[in-house]
Amino acid sequence: QSARHAFPTSGSIVVGREWVWQPEDAELCRCADAEDEAARRAVLEAFVDSPLDVHCQAPVRVMWVTSPAGNRLAVRFHHAAFDGISAGLWLLQMLLVATGALPEVTTVAVWEPPKLKVHPEPARLSKYAWGGASERLWHPGGQPSAARRWRALAVEAAPLRRAVQRLNGPTYNDFLASAFLETLVRWNRSHGEPASRMGLWLPVNIRQRALEGFGNGSSRIRVYARPLEEPSADQKIRQFREQVAWSRAHGEWNVPEDLAVFKWPSWLMVPVLRMFIDRPGVDYGSAVFSHMEKLGAAEQLLPMVSDPEWVMMLDKRYPVGMVAATMGAHTRMSLTWDPAMMPDSDANQLLDSYGQVLEEMRGAIS
């Protein structure tokens, strides 16, 4: 309740084009007991898969699961009100109050949404983009569903960082993301599917001040696995950095503010926007990759959280998506997949392949 008061959109529903505060929320937090690891997993999966409609429900839900296998705290955030930074701030507020480190907030605070960057002459597409959409990631088939499954892989960050520093230019994020893109290319090739036009959808923070403002302060850029004649790991990582730098400098991330449709009520705006962005040829990349590293105030979460996992929202185009987060000495990569599109065995194989590519590329640039 304290976090709801501190960040009032988290305790509101959408009415028209406005967030309207809801004084009571009986569904905010639920508790459950699970007799073993399998039962605990089933409870968490049901929680993740349950509907969350911001027109009739506040955009955050909490589940506390007790079990002999270990207690777990699960929190769901709706992207209409949260991005990764805002989710971290909300979770931090909740935990600090719960542990007595902060007094409870009992009155509704003033909402301060993030102020977003704009670009004077934004590029609609990267100059590296194909003339159309990226190749889809291969999966066995099936229609998209609302179900989500996930698994995390943890790696020690220091050896990877040391290897990247030798390149003198690319970042740790470039290394992690380019390795994931390489994994997708190899995945398609291993299944006899086209892999010459693979791309990544990369969420980016577009706040004017990187860690200020509560809400969704993110946009996206796209990066492509451009074909080279047997490129080295060094070339792939540098090429990735070159594309990211170009898209950031030329405003591919820019969110237009003056579209008339943005002034419509959300119940009308959303389907119209979806029709527009779902037209053939629009490039969503082959999968999503996100890496959280600079957490600002949310760094205080580090001693309070162990073995975190992230479950990503997935567009119907994506059988999988990856969220990585560097917290302390380790980077944890959480792969989310739609089990109706990709079996657990394939998803586990894909994540294991990513771990192998990371180690292979680290060795190649060391």
# chains A, B, ... in the order shown; residues from 1 in each chain; ligands from 1

$ residues_around --residues "Leu160 (chain A)" --least-positions-apart "2" --cutoff "12 Å" --atoms "only C-alpha atoms" --output "tab-separated table (two decimals) with N, CA and C atoms, in the first residue's frame"
chain	number	residue	atom	x	y	z
A	155	VAL	N	25.84	-15.80	-14.99
A	155	VAL	CA	27.26	-15.86	-15.36
A	155	VAL	C	28.02	-14.83	-14.54
A	156	GLU	N	29.28	-15.10	-14.27
A	156	GLU	CA	30.13	-14.15	-13.56
A	156	GLU	C	30.47	-13.01	-14.51
A	157	ALA	N	30.22	-11.79	-14.07
A	157	ALA	CA	30.36	-10.63	-14.97
A	157	ALA	C	31.81	-10.23	-15.20
A	158	ALA	N	32.67	-10.34	-14.18
A	158	ALA	CA	34.02	-9.78	-14.27
A	158	ALA	C	34.84	-10.34	-15.44
A	162	ARG	N	36.22	-7.92	-18.50
A	162	ARG	CA	37.65	-7.79	-18.82
A	162	ARG	C	37.91	-8.05	-20.29
A	163	ALA	N	37.23	-9.04	-20.83
A	163	ALA	CA	37.41	-9.34	-22.26
A	163	ALA	C	36.92	-8.19	-23.13
A	164	VAL	N	35.77	-7.62	-22.79
A	164	VAL	CA	35.21	-6.53	-23.59
A	164	VAL	C	36.09	-5.29	-23.51
A	165	GLN	N	36.68	-5.02	-22.36
A	165	GLN	CA	37.52	-3.84	-22.21
A	165	GLN	C	38.71	-3.86	-23.15
A	166	ARG	N	39.15	-5.04	-23.54
A	166	ARG	CA	40.27	-5.14	-24.48
A	166	ARG	C	39.91	-4.61	-25.87
A	167	LEU	N	38.64	-4.52	-26.16
A	167	LEU	CA	38.21	-4.04	-27.48
A	167	LEU	C	38.27	-2.53	-27.58
A	171	THR	N	30.72	-1.80	-25.50
A	171	THR	CA	30.32	-1.90	-24.11
A	171	THR	C	29.99	-3.35	-23.74
A	172	TYR	N	29.81	-3.55	-22.44
A	172	TYR	CA	29.40	-4.86	-21.94
A	172	TYR	C	28.04	-5.24	-22.53
A	173	ASN	N	27.14	-4.26	-22.65
A	173	ASN	CA	25.83	-4.52	-23.24
A	173	ASN	C	25.97	-4.95	-24.70
A	174	ASP	N	26.87	-4.30	-25.45
A	174	ASP	CA	27.09	-4.69	-26.84
A	174	ASP	C	27.50	-6.16	-26.93
A	175	PHE	N	28.38	-6.56	-26.02
A	175	PHE	CA	28.85	-7.93	-26.01
A	175	PHE	C	27.71	-8.91	-25.74
A	176	LEU	N	26.93	-8.65	-24.69
A	176	LEU	CA	25.83	-9.56	-24.34
A	176	LEU	C	24.80	-9.65	-25.45
A	179	ALA	N	26.08	-11.35	-28.71
A	179	ALA	CA	26.15	-12.80	-28.51
A	179	ALA	C	24.75	-13.42	-28.63
A	326	THR	N	22.53	-7.06	-14.65
A	326	THR	CA	23.78	-7.19	-13.92
A	326	THR	C	23.57	-6.60	-12.53
A	329	ALA	N	28.05	-9.07	-8.64
A	329	ALA	CA	29.10	-9.78	-9.36
A	329	ALA	C	28.59	-10.62	-10.51
A	330	HIS	N	27.30	-10.75	-10.63
A	330	HIS	CA	26.76	-11.67	-11.64
A	330	HIS	C	25.77	-10.96	-12.58
A	331	THR	N	25.72	-11.49	-13.79
A	331	THR	CA	24.69	-11.12	-14.75
A	331	THR	C	23.75	-12.31	-14.90
A	355	GLY	N	24.55	-19.43	-23.55
A	355	GLY	CA	25.67	-19.52	-22.61
A	355	GLY	C	26.94	-19.98	-23.30
A	358	LEU	N	28.31	-17.05	-25.46
A	358	LEU	CA	28.98	-16.07	-24.61
A	358	LEU	C	30.41	-16.50	-24.29
A	359	GLU	N	30.59	-17.75	-23.89
A	359	GLU	CA	31.90	-18.23	-23.53
A	359	GLU	C	32.82	-18.29	-24.75
A	360	GLU	N	32.28	-18.71	-25.88
A	360	GLU	CA	33.07	-18.78	-27.11
A	360	GLU	C	33.55	-17.39	-27.54
A	361	MET	N	32.66	-16.39	-27.50
A	361	MET	CA	33.04	-15.04	-27.91
A	361	MET	C	33.99	-14.41	-26.90
A	362	ARG	N	33.79	-14.71	-25.61
A	362	ARG	CA	34.73	-14.20	-24.61
A	362	ARG	C	36.13	-14.73	-24.90
A	363	GLY	N	36.23	-16.04	-25.17
A	363	GLY	CA	37.53	-16.61	-25.47
A	363	GLY	C	38.16	-16.02	-26.72
A	364	ALA	N	37.33	-15.71	-27.72
A	364	ALA	CA	37.85	-15.19	-28.99
A	364	ALA	C	38.42	-13.79	-28.87
A	365	ILE	N	37.90	-12.97	-27.92
A	365	ILE	CA	38.39	-11.59	-27.80
A	365	ILE	C	39.35	-11.41	-26.63
A	366	SER	N	39.62	-12.48	-25.90
A	366	SER	CA	40.52	-12.40	-24.74
A	366	SER	C	41.99	-12.41	-25.19

$ residues_around --residues "Glu18 (chain A)" --least-positions-apart "2" --cutoff "12 Å" --atoms "only C-alpha atoms" --output "list in words"
Thr9, Ser12, Ile13, Val14, Val15, Gly16, Val20, Trp21, Val54, His55, Ala80, Ala81, Lys263, Trp264, Pro265, Ser266 and Trp267 of chain A

$ write_last_selection --atoms "N, CA, C and O atoms" --output "PDB file, in the first residue's frame"
ATOM      1  N   THR A   9       0.236   6.161  -9.955  1.00  0.00           N
ATOM      2  CA  THR A   9      -0.285   5.448 -11.130  1.00  0.00           C
ATOM      3  C   THR A   9      -0.349   3.945 -10.875  1.00  0.00           C
ATOM      4  O   THR A   9      -1.151   3.237 -11.475  1.00  0.00           O
ATOM      5  N   SER A  12      -3.834   3.066  -9.722  1.00  0.00           N
ATOM      6  CA  SER A  12      -4.882   3.699 -10.530  1.00  0.00           C
ATOM      7  C   SER A  12      -5.301   2.781 -11.663  1.00  0.00           C
ATOM      8  O   SER A  12      -4.610   1.811 -11.985  1.00  0.00           O
ATOM      9  N   ILE A  13      -6.420   3.107 -12.292  1.00  0.00           N
ATOM     10  CA  ILE A  13      -6.840   2.449 -13.523  1.00  0.00           C
ATOM     11  C   ILE A  13      -6.951   3.514 -14.618  1.00  0.00           C
ATOM     12  O   ILE A  13      -7.000   4.713 -14.331  1.00  0.00           O
ATOM     13  N   VAL A  14      -6.980   3.053 -15.851  1.00  0.00           N
ATOM     14  CA  VAL A  14      -7.073   3.975 -16.985  1.00  0.00           C
ATOM     15  C   VAL A  14      -8.541   4.223 -17.310  1.00  0.00           C
ATOM     16  O   VAL A  14      -9.303   3.274 -17.553  1.00  0.00           O
ATOM     17  N   VAL A  15      -8.920   5.489 -17.296  1.00  0.00           N
ATOM     18  CA  VAL A  15     -10.265   5.916 -17.698  1.00  0.00           C
ATOM     19  C   VAL A  15     -10.091   6.971 -18.779  1.00  0.00           C
ATOM     20  O   VAL A  15      -9.588   8.060 -18.503  1.00  0.00           O
ATOM     21  N   GLY A  16     -10.494   6.619 -20.009  1.00  0.00           N
ATOM     22  CA  GLY A  16     -10.261   7.539 -21.126  1.00  0.00           C
ATOM     23  C   GLY A  16      -8.785   7.666 -21.417  1.00  0.00           C
ATOM     24  O   GLY A  16      -8.137   6.717 -21.831  1.00  0.00           O
ATOM     25  N   VAL A  20      -6.817   7.177 -12.989  1.00  0.00           N
ATOM     26  CA  VAL A  20      -7.760   7.543 -11.930  1.00  0.00           C
ATOM     27  C   VAL A  20      -7.464   6.690 -10.701  1.00  0.00           C
ATOM     28  O   VAL A  20      -7.525   5.451 -10.745  1.00  0.00           O
ATOM     29  N   TRP A  21      -7.139   7.355  -9.593  1.00  0.00           N
ATOM     30  CA  TRP A  21      -6.739   6.690  -8.354  1.00  0.00           C
ATOM     31  C   TRP A  21      -7.860   5.830  -7.784  1.00  0.00           C
ATOM     32  O   TRP A  21      -9.022   6.234  -7.763  1.00  0.00           O
ATOM     33  N   VAL A  54      -5.570  -2.852 -17.442  1.00  0.00           N
ATOM     34  CA  VAL A  54      -5.427  -1.585 -16.705  1.00  0.00           C
ATOM     35  C   VAL A  54      -6.682  -0.726 -16.773  1.00  0.00           C
ATOM     36  O   VAL A  54      -6.756   0.296 -16.089  1.00  0.00           O
ATOM     37  N   HIS A  55      -7.676  -1.098 -17.561  1.00  0.00           N
ATOM     38  CA  HIS A  55      -8.942  -0.361 -17.572  1.00  0.00           C
ATOM     39  C   HIS A  55      -9.842  -0.744 -16.402  1.00  0.00           C
ATOM     40  O   HIS A  55     -10.794  -0.023 -16.088  1.00  0.00           O
ATOM     41  N   ALA A  80       2.176  -0.289 -19.342  1.00  0.00           N
ATOM     42  CA  ALA A  80       1.538   1.014 -19.513  1.00  0.00           C
ATOM     43  C   ALA A  80       1.957   1.987 -18.415  1.00  0.00           C
ATOM     44  O   ALA A  80       1.941   3.205 -18.615  1.00  0.00           O
ATOM     45  N   ALA A  81       2.329   1.469 -17.251  1.00  0.00           N
ATOM     46  CA  ALA A  81       2.686   2.325 -16.118  1.00  0.00           C
ATOM     47  C   ALA A  81       4.137   2.173 -15.678  1.00  0.00           C
ATOM     48  O   ALA A  81       4.627   2.987 -14.899  1.00  0.00           O
ATOM     49  N   LYS A 263      -4.338  11.467 -28.899  1.00  0.00           N
ATOM     50  CA  LYS A 263      -5.300  12.245 -28.110  1.00  0.00           C
ATOM     51  C   LYS A 263      -6.627  11.494 -27.924  1.00  0.00           C
ATOM     52  O   LYS A 263      -7.488  11.948 -27.194  1.00  0.00           O
ATOM     53  N   TRP A 264      -6.782  10.357 -28.579  1.00  0.00           N
ATOM     54  CA  TRP A 264      -8.021   9.598 -28.475  1.00  0.00           C
ATOM     55  C   TRP A 264      -8.059   8.816 -27.161  1.00  0.00           C
ATOM     56  O   TRP A 264      -7.023   8.540 -26.557  1.00  0.00           O
ATOM     57  N   PRO A 265      -9.256   8.420 -26.703  1.00  0.00           N
ATOM     58  CA  PRO A 265      -9.344   7.527 -25.536  1.00  0.00           C
ATOM     59  C   PRO A 265      -8.599   6.227 -25.813  1.00  0.00           C
ATOM     60  O   PRO A 265      -8.551   5.750 -26.957  1.00  0.00           O
ATOM     61  N   SER A 266      -8.027   5.633 -24.772  1.00  0.00           N
ATOM     62  CA  SER A 266      -7.184   4.455 -24.968  1.00  0.00           C
ATOM     63  C   SER A 266      -7.948   3.294 -25.590  1.00  0.00           C
ATOM     64  O   SER A 266      -7.383   2.518 -26.367  1.00  0.00           O
ATOM     65  N   TRP A 267      -9.246   3.139 -25.265  1.00  0.00           N
ATOM     66  CA  TRP A 267     -10.005   2.013 -25.813  1.00  0.00           C
ATOM     67  C   TRP A 267     -10.120   2.103 -27.331  1.00  0.00           C
ATOM     68  O   TRP A 267     -10.271   1.090 -28.017  1.00  0.00           O
TER      69      TRP A 267
END

$ residues_around --residues "Val110 (chain A)" --least-positions-apart "4" --cutoff "9 Å" --atoms "only C-alpha atoms" --output "NGL selection string"
:A and (6-8)

$ write_last_selection --atoms "N, CA and C atoms" --output "PDB file, in the first residue's frame"
ATOM      1  N   ALA A   6       3.113   6.102  -2.825  1.00  0.00           N
ATOM      2  CA  ALA A   6       4.309   6.827  -3.274  1.00  0.00           C
ATOM      3  C   ALA A   6       4.324   7.018  -4.784  1.00  0.00           C
ATOM      4  N   PHE A   7       3.776   6.038  -5.516  1.00  0.00           N
ATOM      5  CA  PHE A   7       3.750   6.083  -6.979  1.00  0.00           C
ATOM      6  C   PHE A   7       2.301   5.867  -7.427  1.00  0.00           C
ATOM      7  N   PRO A   8       1.504   6.925  -7.484  1.00  0.00           N
ATOM      8  CA  PRO A   8       0.040   6.779  -7.570  1.00  0.00           C
ATOM      9  C   PRO A   8      -0.484   6.128  -8.841  1.00  0.00           C
TER      10      PRO A   8
END

$ closest_residue --among "A:Met341, A:Ile85, A:Ala225, A:Leu153" --to "Glu212 (chain A)" --atoms "only C-alpha atoms"
A:Ile85

$ residues_around --residues "region 60-73 of chain A" --least-positions-apart "2" --cutoff "7 Å" --atoms "only C-alpha atoms" --output "number ranges by chain"
A: 10, 28-37, 40, 58, 75-78
